[in-house]
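*Asks:* What follows is the file work-v2.cif, containing mmCIF, C-alpha atoms and all ligand atoms:
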data_start
#
loop_
_atom_site.label_atom_id
_atom_site.label_comp_id
_atom_site.auth_asym_id
_atom_site.auth_seq_id
_atom_site.Cartn_x
_atom_site.Cartn_y
_atom_site.Cartn_z
CA MET A 1 -23.55 -10.21 8.89
CA LEU A 2 -23.60 -6.67 10.25
CA LEU A 3 -20.42 -4.62 10.68
CA LYS A 4 -20.48 -5.16 14.46
CA ASP A 5 -20.42 -8.92 13.87
CA PHE A 6 -17.00 -8.55 12.23
CA ARG A 7 -15.74 -7.24 15.60
CA ASP A 8 -17.59 -9.76 17.71
CA PRO A 9 -15.39 -10.96 20.61
CA TRP A 10 -17.21 -14.30 20.96
CA LEU A 11 -16.74 -15.10 17.27
CA ALA A 12 -13.12 -13.95 17.41
CA LYS A 13 -12.48 -16.30 20.34
CA ARG A 14 -13.91 -19.27 18.41
CA ILE A 15 -11.71 -18.52 15.38
CA VAL A 16 -8.61 -18.07 17.57
CA GLU A 17 -9.31 -21.49 19.12
CA LYS A 18 -9.56 -23.00 15.64
CA ILE A 19 -6.31 -21.30 14.64
CA HIS A 20 -4.55 -22.88 17.63
CA GLU A 21 -6.08 -26.28 16.83
CA ILE A 22 -5.01 -26.21 13.20
CA SER A 23 -1.59 -24.56 13.28
CA PRO A 24 1.50 -26.75 12.93
CA LYS A 25 3.09 -27.37 16.29
CA LYS A 26 6.76 -27.02 15.32
CA ASP A 27 7.74 -25.08 12.20
CA VAL A 28 7.49 -21.33 11.98
CA VAL A 29 4.71 -20.29 9.62
CA LYS A 30 5.06 -16.93 7.94
CA ILE A 31 1.92 -15.26 6.59
CA CYS A 32 2.51 -12.05 4.66
CA HIS A 33 -0.09 -9.33 4.14
CA VAL A 34 0.48 -6.38 1.79
CA CYS A 35 -1.88 -3.74 3.08
CA GLY A 36 -1.52 -0.89 5.57
CA THR A 37 -5.13 -1.27 6.67
CA HIS A 38 -4.57 -4.95 7.46
CA GLU A 39 -1.55 -3.93 9.53
CA TRP A 40 -3.67 -1.36 11.34
CA THR A 41 -6.27 -3.99 12.27
CA ILE A 42 -3.62 -6.53 13.27
CA SER A 43 -1.75 -4.03 15.45
CA HIS A 44 -4.67 -2.18 16.99
CA TYR A 45 -6.66 -5.32 17.82
CA GLY A 46 -3.59 -7.10 19.16
CA ILE A 47 -4.10 -9.97 16.73
CA ARG A 48 -0.46 -11.10 16.76
CA SER A 49 -0.66 -11.70 20.49
CA LEU A 50 -3.63 -14.03 19.97
CA LEU A 51 -1.78 -16.33 17.57
CA PRO A 52 0.36 -19.38 18.33
CA SER A 53 3.96 -18.29 18.93
CA ASN A 54 5.18 -19.99 15.74
CA VAL A 55 2.70 -18.13 13.49
CA ASP A 56 4.33 -14.91 12.32
CA VAL A 57 2.23 -12.37 10.40
CA ILE A 58 4.55 -10.03 8.52
CA ALA A 59 3.73 -6.74 6.80
CA GLY A 60 4.83 -6.43 3.16
CA PRO A 61 4.88 -3.34 0.92
CA GLY A 62 1.29 -2.25 1.52
CA CYS A 63 1.74 1.45 2.08
CA PRO A 64 1.69 3.52 -1.13
CA VAL A 65 3.46 6.48 0.43
CA CYS A 66 6.26 4.39 1.98
CA ILE A 67 7.39 2.87 -1.30
CA VAL A 68 7.56 6.08 -3.36
CA PRO A 69 11.26 6.40 -4.26
CA ALA A 70 13.13 9.47 -3.06
CA SER A 71 13.92 10.37 -6.70
CA GLU A 72 10.20 11.06 -7.34
CA VAL A 73 9.94 13.26 -4.26
CA ASP A 74 13.07 15.05 -5.51
CA GLU A 75 11.36 15.55 -8.89
CA ALA A 76 8.28 16.99 -7.18
CA ILE A 77 10.47 19.40 -5.20
CA GLU A 78 12.37 20.45 -8.31
CA LEU A 79 9.12 21.13 -10.14
CA ALA A 80 7.90 23.24 -7.23
CA LEU A 81 11.17 25.15 -6.99
CA LYS A 82 11.07 25.76 -10.75
CA GLY A 83 7.87 27.71 -10.35
CA ALA A 84 4.99 25.24 -10.61
CA THR A 85 2.58 24.79 -7.74
CA LEU A 86 2.91 21.21 -6.54
CA ILE A 87 -0.39 19.71 -5.40
CA CYS A 88 -0.37 16.56 -3.29
CA PHE A 89 -2.02 14.64 -0.46
CA GLY A 90 -1.01 15.49 3.11
CA ASP A 91 0.97 12.26 3.66
CA ALA A 92 2.89 12.72 0.42
CA ALA A 93 4.09 16.13 1.55
CA ARG A 94 5.98 14.58 4.48
CA VAL A 95 7.71 11.71 2.64
CA PRO A 96 11.47 12.17 2.75
CA GLY A 97 13.23 12.91 -0.51
CA SER A 98 17.02 12.66 -0.81
CA GLN A 99 17.52 15.88 1.16
CA LEU A 100 14.09 17.31 1.91
CA SER A 101 10.43 16.44 2.05
CA LEU A 102 7.93 18.58 0.18
CA ILE A 103 6.83 20.25 3.39
CA GLU A 104 10.47 21.14 4.17
CA ALA A 105 10.88 22.44 0.62
CA LYS A 106 7.83 24.65 1.22
CA ALA A 107 9.72 26.34 4.04
CA LYS A 108 12.45 27.10 1.47
CA GLY A 109 10.02 28.74 -0.90
CA ALA A 110 8.56 25.85 -2.90
CA ASP A 111 4.86 26.32 -3.62
CA ILE A 112 3.00 23.29 -2.22
CA GLN A 113 -0.76 22.87 -1.86
CA ILE A 114 -2.41 19.99 0.00
CA VAL A 115 -5.66 18.50 -1.35
CA TYR A 116 -7.88 15.55 -0.47
CA SER A 117 -8.48 14.29 -4.00
CA VAL A 118 -7.36 14.62 -7.60
CA MET A 119 -10.72 16.32 -8.29
CA ASP A 120 -9.67 19.09 -5.89
CA ALA A 121 -6.42 19.47 -7.85
CA VAL A 122 -8.40 19.98 -11.07
CA LYS A 123 -10.59 22.62 -9.40
CA VAL A 124 -7.52 24.46 -8.07
CA ALA A 125 -5.97 24.53 -11.57
CA GLU A 126 -9.23 25.70 -13.18
CA LYS A 127 -9.41 28.67 -10.84
CA GLU A 128 -6.00 30.02 -11.88
CA PRO A 129 -5.48 29.33 -15.60
CA ASN A 130 -2.32 31.44 -15.75
CA ARG A 131 -0.45 29.41 -13.17
CA GLU A 132 1.24 26.02 -13.70
CA PHE A 133 0.15 23.17 -11.41
CA VAL A 134 1.49 19.64 -11.01
CA PHE A 135 -0.45 16.93 -9.18
CA PHE A 136 1.73 14.29 -7.46
CA ALA A 137 -0.41 11.20 -8.09
CA ILE A 138 0.60 8.60 -5.50
CA GLY A 139 -1.23 5.35 -4.81
CA PHE A 140 -1.90 1.74 -5.73
CA GLU A 141 -4.67 0.38 -7.97
CA THR A 142 -7.26 1.93 -5.64
CA THR A 143 -6.46 5.55 -6.47
CA ALA A 144 -5.20 5.08 -10.04
CA PRO A 145 -8.75 4.99 -11.53
CA LEU A 146 -9.49 8.45 -10.10
CA THR A 147 -6.36 9.92 -11.68
CA ALA A 148 -7.21 8.12 -14.93
CA TYR A 149 -10.74 9.52 -14.87
CA GLU A 150 -9.49 13.10 -14.60
CA VAL A 151 -6.81 12.64 -17.27
CA LEU A 152 -9.33 11.11 -19.69
CA LYS A 153 -11.65 14.09 -19.14
CA LYS A 154 -8.82 16.32 -20.42
CA PRO A 155 -8.25 18.66 -17.47
CA PRO A 156 -7.07 22.27 -17.92
CA ARG A 157 -3.76 22.59 -19.81
CA ASN A 158 -2.08 24.30 -16.86
CA LEU A 159 -2.30 21.04 -14.85
CA SER A 160 0.08 18.13 -15.37
CA PHE A 161 0.61 14.91 -13.42
CA LEU A 162 3.65 13.40 -11.76
CA ILE A 163 2.44 9.82 -11.91
CA SER A 164 3.54 7.61 -9.04
CA HIS A 165 0.94 4.85 -9.19
CA ARG A 166 2.15 1.34 -8.50
CA LEU A 167 0.70 -2.17 -8.79
CA ILE A 168 0.57 -4.64 -5.92
CA PRO A 169 0.78 -8.13 -7.55
CA PRO A 170 4.27 -7.56 -9.08
CA ALA A 171 5.56 -6.51 -5.64
CA MET A 172 4.06 -9.68 -4.12
CA GLU A 173 5.84 -11.69 -6.79
CA LEU A 174 9.11 -9.97 -5.97
CA MET A 175 8.66 -10.81 -2.29
CA LEU A 176 8.64 -14.51 -3.18
CA GLY A 177 12.06 -14.14 -4.75
CA ILE A 178 13.59 -12.86 -1.50
CA GLY A 179 15.06 -16.21 -0.45
CA ASP A 180 15.47 -15.72 3.28
CA LEU A 181 11.92 -14.43 3.78
CA GLN A 182 10.35 -17.86 3.15
CA ILE A 183 6.73 -16.79 3.04
CA ASP A 184 4.19 -19.59 3.51
CA ALA A 185 1.00 -17.74 2.55
CA PHE A 186 -0.31 -14.39 1.36
CA ILE A 187 -3.19 -12.33 2.65
CA ALA A 188 -4.02 -10.15 -0.36
CA PRO A 189 -5.30 -6.59 0.14
CA GLY A 190 -9.03 -5.94 0.20
CA HIS A 191 -9.16 -2.40 -1.20
CA VAL A 192 -6.88 -3.15 -4.15
CA SER A 193 -8.82 -6.35 -4.84
CA THR A 194 -12.13 -4.50 -5.10
CA ILE A 195 -10.58 -2.89 -8.20
CA ILE A 196 -8.44 -5.66 -9.74
CA GLY A 197 -10.56 -8.64 -8.65
CA LEU A 198 -9.13 -12.09 -8.01
CA GLU A 199 -7.62 -13.07 -11.33
CA PRO A 200 -4.22 -11.26 -10.91
CA TYR A 201 -3.54 -13.39 -7.81
CA GLU A 202 -4.03 -16.73 -9.58
CA VAL A 203 -0.32 -16.87 -10.34
CA PHE A 204 0.54 -17.29 -6.64
CA PRO A 205 -1.12 -20.65 -6.00
CA LYS A 206 -0.72 -21.89 -9.57
CA VAL A 207 2.92 -21.03 -10.23
CA TYR A 208 4.37 -20.56 -6.73
CA ARG A 209 2.15 -23.03 -4.78
CA MET A 210 1.41 -20.17 -2.40
CA PRO A 211 -1.91 -20.18 -0.47
CA THR A 212 -3.48 -16.78 -1.14
CA ILE A 213 -6.49 -15.33 0.66
CA VAL A 214 -8.13 -12.02 -0.26
CA ALA A 215 -9.38 -10.55 3.00
CA GLY A 216 -11.37 -7.66 4.43
CA PHE A 217 -10.23 -5.31 7.17
CA GLU A 218 -12.24 -6.11 10.27
CA PRO A 219 -10.62 -8.27 12.95
CA ILE A 220 -12.88 -11.21 12.12
CA ASP A 221 -11.89 -10.91 8.43
CA VAL A 222 -8.20 -11.00 9.30
CA LEU A 223 -8.56 -13.88 11.78
CA LEU A 224 -10.58 -15.86 9.22
CA ALA A 225 -7.94 -15.21 6.55
CA ILE A 226 -5.20 -16.46 8.91
CA TYR A 227 -7.29 -19.54 9.67
CA MET A 228 -7.90 -20.18 5.95
CA ALA A 229 -4.18 -19.83 5.20
CA LEU A 230 -3.22 -22.21 8.01
CA LYS A 231 -5.82 -24.72 6.84
CA GLN A 232 -4.34 -24.74 3.35
CA ILE A 233 -0.83 -25.11 4.77
CA LYS A 234 -1.97 -28.01 6.97
CA ASN A 235 -3.69 -29.74 4.05
CA ARG A 236 -0.70 -29.05 1.80
CA ILE A 237 -2.78 -27.31 -0.82
CA ALA A 238 -2.41 -23.91 -2.44
CA ILE A 239 -5.53 -22.22 -3.75
CA LEU A 240 -6.88 -18.71 -4.16
CA GLU A 241 -9.69 -17.98 -1.70
CA ASN A 242 -11.87 -14.94 -1.21
CA GLU A 243 -12.73 -14.15 2.40
CA TYR A 244 -13.95 -10.67 1.38
CA LYS A 245 -16.84 -11.81 -0.81
CA ARG A 246 -19.03 -8.96 0.39
CA ALA A 247 -16.81 -6.49 -1.53
CA VAL A 248 -14.54 -8.34 -3.97
CA LYS A 249 -15.82 -9.93 -7.16
CA TRP A 250 -13.85 -12.16 -9.51
CA ASP A 251 -13.64 -9.40 -12.14
CA GLY A 252 -13.18 -6.58 -9.65
CA ASN A 253 -14.43 -3.21 -10.80
CA VAL A 254 -14.56 -3.53 -14.58
CA LYS A 255 -15.17 0.19 -15.18
CA ALA A 256 -12.25 1.23 -12.97
CA LYS A 257 -9.97 -1.25 -14.72
CA GLU A 258 -11.02 0.15 -18.09
CA LEU A 259 -10.15 3.68 -16.95
CA ILE A 260 -6.69 2.54 -15.85
CA LYS A 261 -6.14 0.72 -19.13
CA LYS A 262 -7.22 3.70 -21.23
CA ALA A 263 -5.05 6.28 -19.47
CA PHE A 264 -1.98 4.26 -18.49
CA LYS A 265 0.52 1.74 -19.75
CA VAL A 266 2.35 -0.62 -17.41
CA VAL A 267 6.10 -0.08 -17.14
CA SER A 268 8.94 -1.14 -14.84
CA GLY A 269 9.58 1.15 -11.91
CA ASN A 270 11.56 1.74 -8.73
CA TRP A 271 10.07 1.08 -5.31
CA ARG A 272 11.70 2.44 -2.18
CA GLY A 273 13.21 -0.46 -0.30
CA LEU A 274 12.55 -2.95 -3.08
CA GLY A 275 14.47 -1.62 -6.09
CA ARG A 276 13.28 -1.94 -9.67
CA ILE A 277 10.26 -4.19 -10.22
CA PRO A 278 9.29 -5.20 -13.76
CA ASP A 279 5.78 -4.21 -14.90
CA SER A 280 4.92 -2.65 -11.56
CA THR A 281 4.32 1.03 -12.32
CA LEU A 282 1.85 3.08 -14.35
CA ALA A 283 2.81 5.75 -16.87
CA LEU A 284 0.57 7.93 -19.03
CA ARG A 285 -0.07 6.63 -22.54
CA GLU A 286 1.39 8.56 -25.50
CA GLU A 287 -1.92 10.25 -26.29
CA TYR A 288 -1.91 11.89 -22.83
CA LEU A 289 1.76 12.91 -22.67
CA GLU A 290 0.78 16.58 -22.73
CA TYR A 291 -0.33 15.97 -19.14
CA ASP A 292 2.90 14.22 -18.13
CA ALA A 293 4.90 16.51 -15.82
CA HIS A 294 8.18 14.83 -16.88
CA GLU A 295 7.53 15.64 -20.53
CA LYS A 296 6.01 19.05 -19.99
CA HIS A 297 8.62 20.43 -17.59
CA GLY A 298 11.67 18.38 -18.60
CA VAL A 299 12.33 17.17 -15.07
CA ARG A 300 13.58 13.62 -14.54
CA ILE A 301 15.73 12.39 -11.67
CA GLU A 302 16.84 8.78 -11.94
CA ARG A 303 18.33 8.16 -8.51
CA GLY A 304 17.83 9.43 -4.99
CA MET A 305 18.71 8.47 -1.45
CA ASP A 306 15.84 6.19 -0.44
CA ILE A 307 17.08 5.12 2.96
CA PRO A 308 18.56 7.74 5.31
CA PRO A 309 21.49 6.69 7.53
CA GLY A 310 20.35 4.39 10.33
CA CYS A 311 16.84 3.89 8.91
CA GLN A 312 15.72 0.30 8.40
CA CYS A 313 12.73 0.99 6.12
CA HIS A 314 14.13 -1.31 3.43
CA LEU A 315 13.78 -4.18 5.91
CA VAL A 316 10.45 -3.04 7.41
CA ILE A 317 8.89 -2.69 3.94
CA ILE A 318 9.51 -6.37 3.18
CA GLY A 319 8.55 -7.55 6.66
CA LYS A 320 12.03 -8.79 7.44
CA ILE A 321 12.09 -6.87 10.71
CA LYS A 322 9.39 -5.37 12.88
CA PRO A 323 9.53 -1.58 13.50
CA ILE A 324 10.65 -2.05 17.11
CA GLU A 325 13.80 -3.72 15.78
CA CYS A 326 14.89 -0.44 14.17
CA PRO A 327 17.17 1.39 16.62
CA LEU A 328 15.60 4.71 15.65
CA PHE A 329 12.00 3.65 16.36
CA MET A 330 10.36 6.18 18.70
CA LYS A 331 13.77 7.64 19.52
CA ALA A 332 15.18 9.64 16.61
CA CYS A 333 12.18 8.64 14.44
CA THR A 334 8.65 9.50 15.57
CA PRO A 335 5.37 10.36 13.78
CA GLN A 336 6.05 14.03 14.60
CA LYS A 337 9.61 13.86 13.22
CA PRO A 338 9.84 10.92 10.83
CA VAL A 339 13.24 9.79 9.57
CA GLY A 340 12.06 7.09 7.16
CA SER A 341 9.05 6.84 4.89
CA CYS A 342 7.45 4.03 6.97
CA MET A 343 6.83 6.53 9.78
CA VAL A 344 5.05 9.03 7.53
CA GLY A 345 1.89 7.69 5.95
CA ILE A 346 -1.07 6.46 7.98
CA GLU A 347 -0.55 3.08 6.28
CA GLY A 348 3.15 2.92 7.10
CA THR A 349 4.09 0.01 9.35
CA CYS A 350 6.26 2.11 11.69
CA ARG A 351 3.60 4.80 11.97
CA ILE A 352 0.96 2.17 12.77
CA TRP A 353 3.18 0.53 15.37
CA ALA A 354 3.86 3.94 16.88
CA SER A 355 0.14 4.65 17.22
CA ALA A 356 -0.71 1.15 18.46
CA ARG A 357 2.17 0.83 20.93
CA GLN A 358 -0.07 1.00 23.94
CA GLU A 359 -2.48 -1.41 22.37
CA LEU A 360 -0.36 -4.35 21.20
CA LYS A 361 -2.30 -6.69 23.40
CA PRO A 362 -5.65 -8.46 22.98
CA LYS A 363 -8.25 -5.90 23.78
CA PHE A 364 -11.34 -7.23 22.18
CA ILE A 365 -11.40 -10.84 23.37
FE1 LIG A 401 12.73 3.94 9.11
FE2 LIG A 401 11.83 5.26 11.30
FE3 LIG A 401 10.84 2.91 10.72
FE4 LIG A 401 13.31 3.10 11.59
S1 LIG A 401 11.45 3.59 12.74
S2 LIG A 401 12.57 1.84 9.90
S3 LIG A 401 13.93 5.03 10.69
S4 LIG A 401 10.67 4.76 9.50
#
Using structure tokens, write down the structure from this file.

*Replies:*
Amino acid sequence: MLLKDFRDPWLAKRIVEKIHEISPKKDVVKICHVCGTHEWTISHYGIRSLLPSNVDVIAGPGCPVCIVPASEVDEAIELALKGATLICFGDAARVPGSQLSLIEAKAKGADIQIVYSVMDAVKVAEKEPNREFVFFAIGFETTAPLTAYEVLKKPPRNLSFLISHRLIPPAMELMLGIGDLQIDAFIAPGHVSTIIGLEPYEVFPKVYRMPTIVAGFEPIDVLLAIYMALKQIKNRIAILENEYKRAVKWDGNVKAKELIKKAFKVVSGNWRGLGRIPDSTLALREEYLEYDAHEKHGVRIERGMDIPPGCQCHLVIIGKIKPIECPLFMKACTPQKPVGSCMVGIEGTCRIWASARQELKPKFI
């Protein structure tokens, strides 16, 4: 199939008809995805409005910027105020810390530089060997291999890393323990799955009897994944299926996984809105501690204020409410002036809903 076929209105219509045929007539069915790009497709193509009224697609913790705890932003600010130049991605600079975001700290004298990749951070540090730089490494399994690659290459000594990489499957597992969510199926993220493959999701059907579909990002991908999930629910089976076969292999990206394994160990870590999740965070291995900003600069902040007063990000991040249910949505909290982390990153659910507000209706079929 060509890319345009994955946006084909005729095909979409056929799948929507099948979804209506197959979906249970009474009970509410809750399908949870954990990917900002899935949310973008669902919101911008008006997919929710095409579904039966009892099929609810909820957005889980799929935005890497949204779930960074305030304490790590506070650490980044402290490092920058202590004299290091803090290098980060544009979205990361706007994430709220306990009091300030990095961009607000810049106005108070903190030295912040925005880059597009970790490779850029290395180049910046190489150019000025007498200055200290810290790269704020945020992201899921998709960006962790790039950080690992640079660490393993032994970058210049004047660069260290504030590692904030997190792993998706442990967060999915945590979601299943939130009793009143009652998820009926998972749509697993495509980008992350290209790296980790299918195997880490086996636990969901095997242990939790949870239908799990790895899906791509085009509207046809998402509609197919919803159909596949509903079919499993109807047939009372729970298996792991791969809708995104054109990009995701069973083993994922073996080289990328090796890089992650060589540079990092898996530890427990805090997620904004979710609390502490066992085995969900990456930390540099002992042999690379010279590049660990915590070790090198002696900065460690255990707690911060993750959720500002009035913000409902802790509920949006787990899909318990939709952004429009937050009283601050598009009033006190806008993409231009975000209050909570979900309004900051391009993968944040509130930010996506803000940008898709005029488009939450079927526009392609
Ligand atoms: Fe938080 Fe703003 Fe979203 Fe409300 S609209 S949940 S304040 S990010």

*Asks:* Nearest to ligand LIG 401 (chain A) among A:Leu3, A:Ile67, A:Ile226, A:Ala80, with distances taken over all atoms listed in the file: which residue is it?

*Replies:* A:Ile67

*Asks:* Given only C-alpha atoms as the basis, pick out the residue of A:Arg272, A:Lys296, A:Arg166, A:Lys320 nearest to Ala144 of chain A.

*Replies:*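 Of A:Arg272, A:Lys296, A:Arg166, A:Lys320, the one nearest Ala144 of chain A is A:Arg166, counting only C-alpha atoms.
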
*Asks:* Ranking A:Ala92, A:Cys66, A:Leu198, A:Leu230 by minimum distance to ligand LIG 401 (chain A) and counting all atoms listed in the file, which one comes first?

*Replies:*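 Result for the nearest residue to ligand LIG 401 (chain A): A:Cys66.
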
*Asks:* Which one is closest to Tyr201 of chain A: A:Leu240, A:Leu328, A:Ala229, A:Ile163? Count all atoms listed in the file.

*Replies:*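 Checking each candidate against Tyr201 of chain A, we get A:Leu240 as the closest.
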
*Asks:* Write out as JSON lines a residue-level contact list of chain A versus ligand LIG 401 (chain A) with cut-off 7 Å: for each qualifying residue the closest pair of atoms and the distance in Å to one decimal, counting only C-alpha atoms and all ligand atoms, rows sorted by chain and residue number upward.

*Replies:*
{"residue": "A:Gly310", "atom": "CA", "partner": "A:LIG401", "partner_atom": "S3", "distance": 6.5}
{"residue": "A:Cys311", "atom": "CA", "partner": "A:LIG401", "partner_atom": "S3", "distance": 3.6}
{"residue": "A:Gln312", "atom": "CA", "partner": "A:LIG401", "partner_atom": "S2", "distance": 3.8}
{"residue": "A:Cys313", "atom": "CA", "partner": "A:LIG401", "partner_atom": "S2", "distance": 3.9}
{"residue": "A:Val316", "atom": "CA", "partner": "A:LIG401", "partner_atom": "S2", "distance": 5.9}
{"residue": "A:Pro323", "atom": "CA", "partner": "A:LIG401", "partner_atom": "FE3", "distance": 5.4}
{"residue": "A:Cys326", "atom": "CA", "partner": "A:LIG401", "partner_atom": "FE4", "distance": 4.7}
{"residue": "A:Pro327", "atom": "CA", "partner": "A:LIG401", "partner_atom": "FE4", "distance": 6.6}
{"residue": "A:Leu328", "atom": "CA", "partner": "A:LIG401", "partner_atom": "FE4", "distance": 4.9}
{"residue": "A:Phe329", "atom": "CA", "partner": "A:LIG401", "partner_atom": "S1", "distance": 3.7}
{"residue": "A:Met330", "atom": "CA", "partner": "A:LIG401", "partner_atom": "S1", "distance": 6.6}
{"residue": "A:Cys333", "atom": "CA", "partner": "A:LIG401", "partner_atom": "FE2", "distance": 4.6}
{"residue": "A:Thr334", "atom": "CA", "partner": "A:LIG401", "partner_atom": "FE2", "distance": 6.8}
{"residue": "A:Pro338", "atom": "CA", "partner": "A:LIG401", "partner_atom": "FE2", "distance": 6.0}
{"residue": "A:Val339", "atom": "CA", "partner": "A:LIG401", "partner_atom": "S3", "distance": 4.9}
{"residue": "A:Gly340", "atom": "CA", "partner": "A:LIG401", "partner_atom": "S4", "distance": 3.6}
{"residue": "A:Ser341", "atom": "CA", "partner": "A:LIG401", "partner_atom": "S4", "distance": 5.3}
{"residue": "A:Cys342", "atom": "CA", "partner": "A:LIG401", "partner_atom": "S4", "distance": 4.2}
{"residue": "A:Met343", "atom": "CA", "partner": "A:LIG401", "partner_atom": "S4", "distance": 4.2}
{"residue": "A:Cys350", "atom": "CA", "partner": "A:LIG401", "partner_atom": "FE3", "distance": 4.7}

*Asks:* So how far away is atom CA of Val29 of chain A from atom CA of Gly46 of chain A, in Å?

*Replies:*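 Going from atom CA of Gly46 of chain A over to atom CA of Val29 of chain A covers 18.3 Å.
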
*Asks:* Which residues come within 9 Å of segment 279-290 of chain A, counting only C-alpha atoms, excluding same-chain residues fewer than 3 positions away, as a VMD selection string?

*Replies:* chain A and resid 144 148 151 to 152 154 157 160 to 161 163 to 171 260 262 to 271 276 293 to 296

*Asks:* Would you mind reading off the distance between atom CA of Asn253 of chain A and atom CA of Gly273 of chain A, one decimal, in Å?

*Replies:*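 One can read the atom CA of Asn253 of chain A to atom CA of Gly273 of chain A distance as 29.7 Å.
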
*Asks:* Return the padded bounding box of segment 336-339 of chain A as AutoDock Vina command-line options: axis-aligned, built from all atoms listed in the file, 5 Å added on each side, with centre and edge lengths in Å to one decimal.

*Replies:*
--center_x 9.6 --center_y 11.9 --center_z 12.1 --size_x 17.2 --size_y 14.2 --size_z 15.0

*Asks:* Of the candidates A:Val115, A:Gly83, A:Gly97, A:Ile19, which shows the shortest atom-to-atom distance to Pro308 of chain A, using all atoms listed in the file?

*Replies:*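 Of A:Val115, A:Gly83, A:Gly97, A:Ile19, the one nearest Pro308 of chain A, counting all atoms listed in the file, is A:Gly97.
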